[in-house]
Every structure is written in structure tokens, then in C-alpha cells.
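What follows is one structure encoded as C-alpha cells, with my remarks underneath.
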Amino acid sequence: MESADSQRGRDSGSLRRSPLDVLMSQIRRKRSASDRKPLGRFLSWSSDRTGISEDAETEGREERGQREGVSDGAESGRDVGWGRVCVFLQRLGKKADSRSLSLAHCDLTATDLLELATLLQFLPQLEELDVSWNELIGGCLRALTSHLQHVGGVRVLKLCSCRLNADDITALGEALAFMPHLEILDLSWNSGVGGGTLQGLLGNLQPSLRELHLVACQLTEADATALGGKVSSLPSLCVLDISSNPQLSQGVNGGGFMQLASSLSHATSLTTLRLQACGLTEDSLDALGGTLHCFTSLRELDLSCNKSLSGGLDRLTLYLAHLTHLESLDLHMCRLTHADLEALIQVLPSLTGLTELDVSSNKEAGGVVHPLVSALPLTQMRRFPLNSCSLNEESFTAFALAVPSLRSVDVSWCKVVGGRLALLLDALQPPVILELYLSSCELTTDDICNLAAVCRRGSLSSLRVLDLSYNGSAADEGWSALFAAGGLGSLEEVDLSLRPSTSAPCSAWLPALLCALPHLPALTRLALQRWTMSSQERQQLNHSLRKRSIRLEWDPPSNDVMSLFKATNQESPEESQPEE
């Protein structure tokens, strides 16, 4: 398109401007010198320096390039274009990368989107484009999609939570025809995708697509039917995530989901299938089970948060034995009955590749932990969360047998842990454990001191996440001992928050925390909600975090104070480090 315009300019001897150029010129004229000043410099930089219009300069560079090959003018043109990209990204606090453009959470406006569109011609090597979580661009996506032909090599496109409407989805569907190499498409958290709009987009998906994410898009039975009709023509599809679409299996006998499940038999390359919170029923399991024998490559199956599966899991477990390569099975919050769990236990020995099993938030699971552990391939298990499973003393002891190989241990909301934490800590095998979740376990002071002793021995040197929230019964000396122990050099997140209905002063152990912070170089999140402190102590903590990229979660005296803290605790652009 660009070369054709240049040819017409050379033939006629005049410069023709597109409607987009006219619009941009109007924007430049209307903006004041003080209004988004970097934008003014960005738009007028080359023309101010040369006295030549942008269109003329571009066409001149193209003509010289054809006559002289790789000329100085062409090189200069590329430099100017890249300079515009850098200025635009710098204004948004981002670092320029010719292959990856991440503008998520940037509060982009329609004008920003238009500017971005004009920059795509200077990014011919772009492979990843992410403009997710920019809700103000909804309704004007065509401004961007009409320029996507300039970046036909894009492999990853993410537009999560952008409030896309039907027109946006239609425009995107048209643009997909110019993206033959697209491998990952993520439109999650856009309610406008559902309701029949999806069909127009699916028609232009290329065979190269490997991942399709449509989480919380309000997909309907009609969308399920359309998706089922497309799956068979996507031979490379590996990941399908349509979670949080509760209407997906509704309708007369769930016909839409039935067709989708049937069509999945042609998706022989599928490795990940996520159907969390999709309103699945026992009949849905029958339809899905009938296709499982075709999923010879399936590694992850997520059926969590489908409470209507209660009492009917045996309809699926009959077929699970075919998934010999399955590594992760998620059934949390499914209201599993004792019969469901017994059916699961029977099939577990056949799942020889299993490394993750999630039956958390199923109260009945607390009564069958021992047979579950006996049926699992313990030496290769990495995740086996049992939070909110009503563990008793016997089941907690049985769980300890599975702990040595686990990377993540989660027994939150299990009161039986209080006073018995040493049993679990003794089973930990350093440096395997990466995450430890002990929220609302009624931990005692001795439990926290035992944890401190384990830290002191270096057994938690690889730990990245430590959740000790809602354990206000532990005394101050326990928290002081924990922070004075050391041995947590890899810790990235720690949560010590109290319950919403309680509060307590942290003056006794805050000095130990302040002394420990320099020895926690990886820390990115510190949660101290409901702990109270004086204004002087707040200043001390603020000073300790002044040049650290740590997200502090606490309860300030007022919202104004929190706003002030957020502003002062962030590094200035001059002090900030370049993004990785």
C-alpha cells in the first residue's frame, strides 16, 4: 500500500494526503504547546528540522532508495522512524524493543492508539504486541487494525480487558487475514466478544494459531457451536482457554458445548484445555469424556469451579486413563463428593505423568488424603494443594508424606496445622520448596519460631512466596525471630496481614523487619494490612523502601496518605532502571 502511494506521487508530481494524515494534522494544530508536549515533538520532529512535509520526506526517501540502493537518506529515514517509536514509548514509561511491544496497563486513549498505529510501519520485525488492560481504546480498535498489515510477522497479539465491542471484533477479524504467522491470540475479559460476534473473527484465524484465550468473554451456546466448527481447521492448536464463560454449556441439552466437545476430537495437537467455571454438568462430562481418547498429547486439564459436576465425576474418570501424558489435573471448588473422590483415586495410578493435582476447596477431600497420597506418583509430584479441605490430624500427617518433592505447599484455612507446623517443616526438602501458603492456620508463636529455625538452617533459601496472613494469634517474639533468622534471600512475596476485623501494633517486631529488608533483595511485595504503626514508624518503613520496587500493602490513616505514599515511594524516571 505504501509503495503504491509513493508511485502515484512520483507519477503525478504532487503530494496526496490520506484522511488519516489530515486527521493527524488537525490533532497537531489543536494541541497546545503545554498539552502532552512530547506528542507535539513526536509528530513534528522531522518536519520541523527539514521544513518538508512528512509525506514528502517519506516519498523522497523511497525514491532515493530505489535509485541508489541502501542510501544515506534511507538510513536516516529508518533512524527518524525509530526515534519516533522511542519517544512514544518513553512518554509511556516503556523501553523500546523492535521485536516486542508491551503497552499493557498504560491507560492508552483513542489518540494514543492512533499514534501507535502510525508507528507500526517502523516496526517491521515486531513479533509481540500487547495492549491489554487499556479500557479506553474500546470502540476505536479499527484505528490500529487498519495498520496491522505493516507487522505481518506478529506471532503474539494480546488485547485483554480493552472493552472491545462488536465493531472492534469485526475489525480485528478483518485484520487477521494479514497476520499469517499469528500463534497466540488473547482476547480475554472482553464481554463484547460473546453473543455471536466471535464467529466473524474465527473465520480469519490462520492455521498457524497455537493458543486461543477467551477467558470471561460471555461466550454463549452459539459461540460454542461456532468455536467447535473452527477447531478442526486449526491443526496447530495447543492451548484452548475458554474459562469463566458460565453460559457456554447452557441452552437446550447444552447442544453448543456438545458440538464443541465433539469437534475437539480433531484437535489432536491440544496440550492444554481449560474449562474453569463454564457451567459444566454431568452431561458435559459425558460429551467431553467421549473425546478424551483423542487427546494423546494433553498435558493440562482444568475443570475447576464447576460445582454442577458434584456426584458425576465417575462419568469422566472412566476415560481419564487414556491421558497417559497428563501432568496437571485441576478439580478445585467442584463440590466433589466422597464417591467422586473414590472414582478419582481409582484412576490416579494410570496417570503416570501426573505432577500436579488440585482438589482444594473440596471439604470431602480432607477425609481421603491417605488414599489420595497412596495413589499418587509421589516422587514426581510438584503441586498438591489441600487448602480449605477440612484436614484432620490424621490427614495432615498423611499429607506430610507428599511434601518432600513438592515445589508448592498450600494448607491454608486448615486449623489443624496450628501447633503441628513442625511436622510439615521437618518434611521439607531444601532447596525444593518455592511457595509456602499457611494463611488462617491458627499458627502459634512456637510454630513461627520453628519456621524461623528452619530459615536459619537455610532450608528455605529458595522460597519465593511466604503467606502467613490471618495468623494474629502468634506473639510478637515469633515475628521478630522470623525476620531476625535470615535465610530468605530468594523471597519475592510475603504476606503478614491480619483479618479484616482485627488490628494489632507491630512496633515490637518492626525493627527486625527493617533490619531484614536489605537482606531480601528479591522482595517485590510486602503485605502488612491491619498492622498499626506510628507516623514515625511509617516514615522509617517508607525510607527503607524509598528506592526499592516493592509493592507495600498496608492500611494508611486515610486515602490521601495512601495516594501520597504511592507517589513518593515510586522511583522517578531518572532513577528507574531499564526494563528487562
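Please note that chains go A, B, ... in the order of the C-alpha cells, that every chain numbers its residues from 1, and that ligands are numbered from 1 in the order shown.
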Find the residues near range 331-340 of chain A: any atom within 12 Å, counting only C-alpha atoms, skip ones fewer than 2 places away on the same chain, and give them as a PyMOL selection string.
-> chain A and resi 274-282+300-318+328-329+342-347+356-369+371-372+384-389
Output as a PyMOL selection string all residues of range 247-281 of chain A that backbone DSSP marks as alpha helix (DSSP H).
-> chain A and resi 255-263
Contact residues around range 443-459 of chain A with only C-alpha atoms at 10 Å, ignoring same-chain residues under 5 positions, as a PyMOL selection string | chain A and resi 415-422+425-426+428-433+438+468-489
Give me the residues within 10 Å of Val156 in chain A as a VMD selection string, counting only C-alpha atoms and dropping any in the same chain fewer than 5 places off.
-> chain A and resid 100 126 to 130 181 to 186 209 to 211
Please identify all polymer residues within 8 Å of Tyr319 in chain A, counting only C-alpha atoms, omitting same-chain residues fewer than 4 positions from it, and present them as a list in words.
-> Gly289, Gly290, Leu292, His293, Arg315 and Leu323 of chain A
Identify which of the residues A:Ser244, A:Ser249, A:Ser395, A:Thr355 lies closest to Thr379 in chain A, counting only C-alpha atoms when measuring atom-to-atom distances.
->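 Comparing A:Ser244, A:Ser249, A:Ser395, A:Thr355 against Thr379 in chain A, the winner is A:Thr355.
For Gly173 in chain A, the list of residues within 7 Å, based on only C-alpha atoms and with local chain neighbours fewer than 4 positions off taken out, reads Ile169, Gly200, Leu201 and Asn204 of chain A.
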Requested write-out: N, CA and C atoms of the selected residues, as an mmCIF file, in the first residue's frame:
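Writing the result to selection-v3.cif gives the following:
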```cif
data_model
loop_
_atom_site.group_PDB
_atom_site.id
_atom_site.type_symbol
_atom_site.label_atom_id
_atom_site.label_comp_id
_atom_site.auth_asym_id
_atom_site.auth_seq_id
_atom_site.Cartn_x
_atom_site.Cartn_y
_atom_site.Cartn_z
ATOM 1 N N ILE A 169 -14.309 -6.254 17.245
ATOM 2 C CA ILE A 169 -14.053 -7.659 16.928
ATOM 3 C C ILE A 169 -14.131 -7.885 15.420
ATOM 4 N N GLY A 200 -17.459 -14.105 13.329
ATOM 5 C CA GLY A 200 -16.782 -13.344 12.296
ATOM 6 C C GLY A 200 -15.279 -13.343 12.454
ATOM 7 N N LEU A 201 -14.812 -13.364 13.689
ATOM 8 C CA LEU A 201 -13.373 -13.381 13.939
ATOM 9 C C LEU A 201 -12.774 -14.751 13.645
ATOM 10 N N ASN A 204 -11.278 -15.923 10.105
ATOM 11 C CA ASN A 204 -9.998 -15.486 9.551
ATOM 12 C C ASN A 204 -8.788 -15.956 10.350
#
```
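Among the candidate residues A:Phe295, A:Phe178, A:Phe399, A:Trp189, the one lying nearest to Val151 in chain A is A:Phe178, with distances computed using only C-alpha atoms.
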As an MDAnalysis selection string, please: all residues of range 91-243 of chain A that backbone DSSP puts in strand (DSSP E or B).
-> chainID A and resid 100:102 128:130 156:158 184:186 211:213 239:241
Just give me the gap between CA of Leu460 in chain A and CA of Leu434 in chain A in Å, one decimal is fine.
->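 Interatomic distance, CA of Leu460 in chain A to CA of Leu434 in chain A: 8.0 Å.
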Could you name the residues that touch Ser490 in chain A at 10 Å or less, counting only C-alpha atoms, but leaving out those on the same chain fewer than 2 positions away, as number ranges by chain?
-> A: 434, 460-465, 487-488, 492-493, 519-523
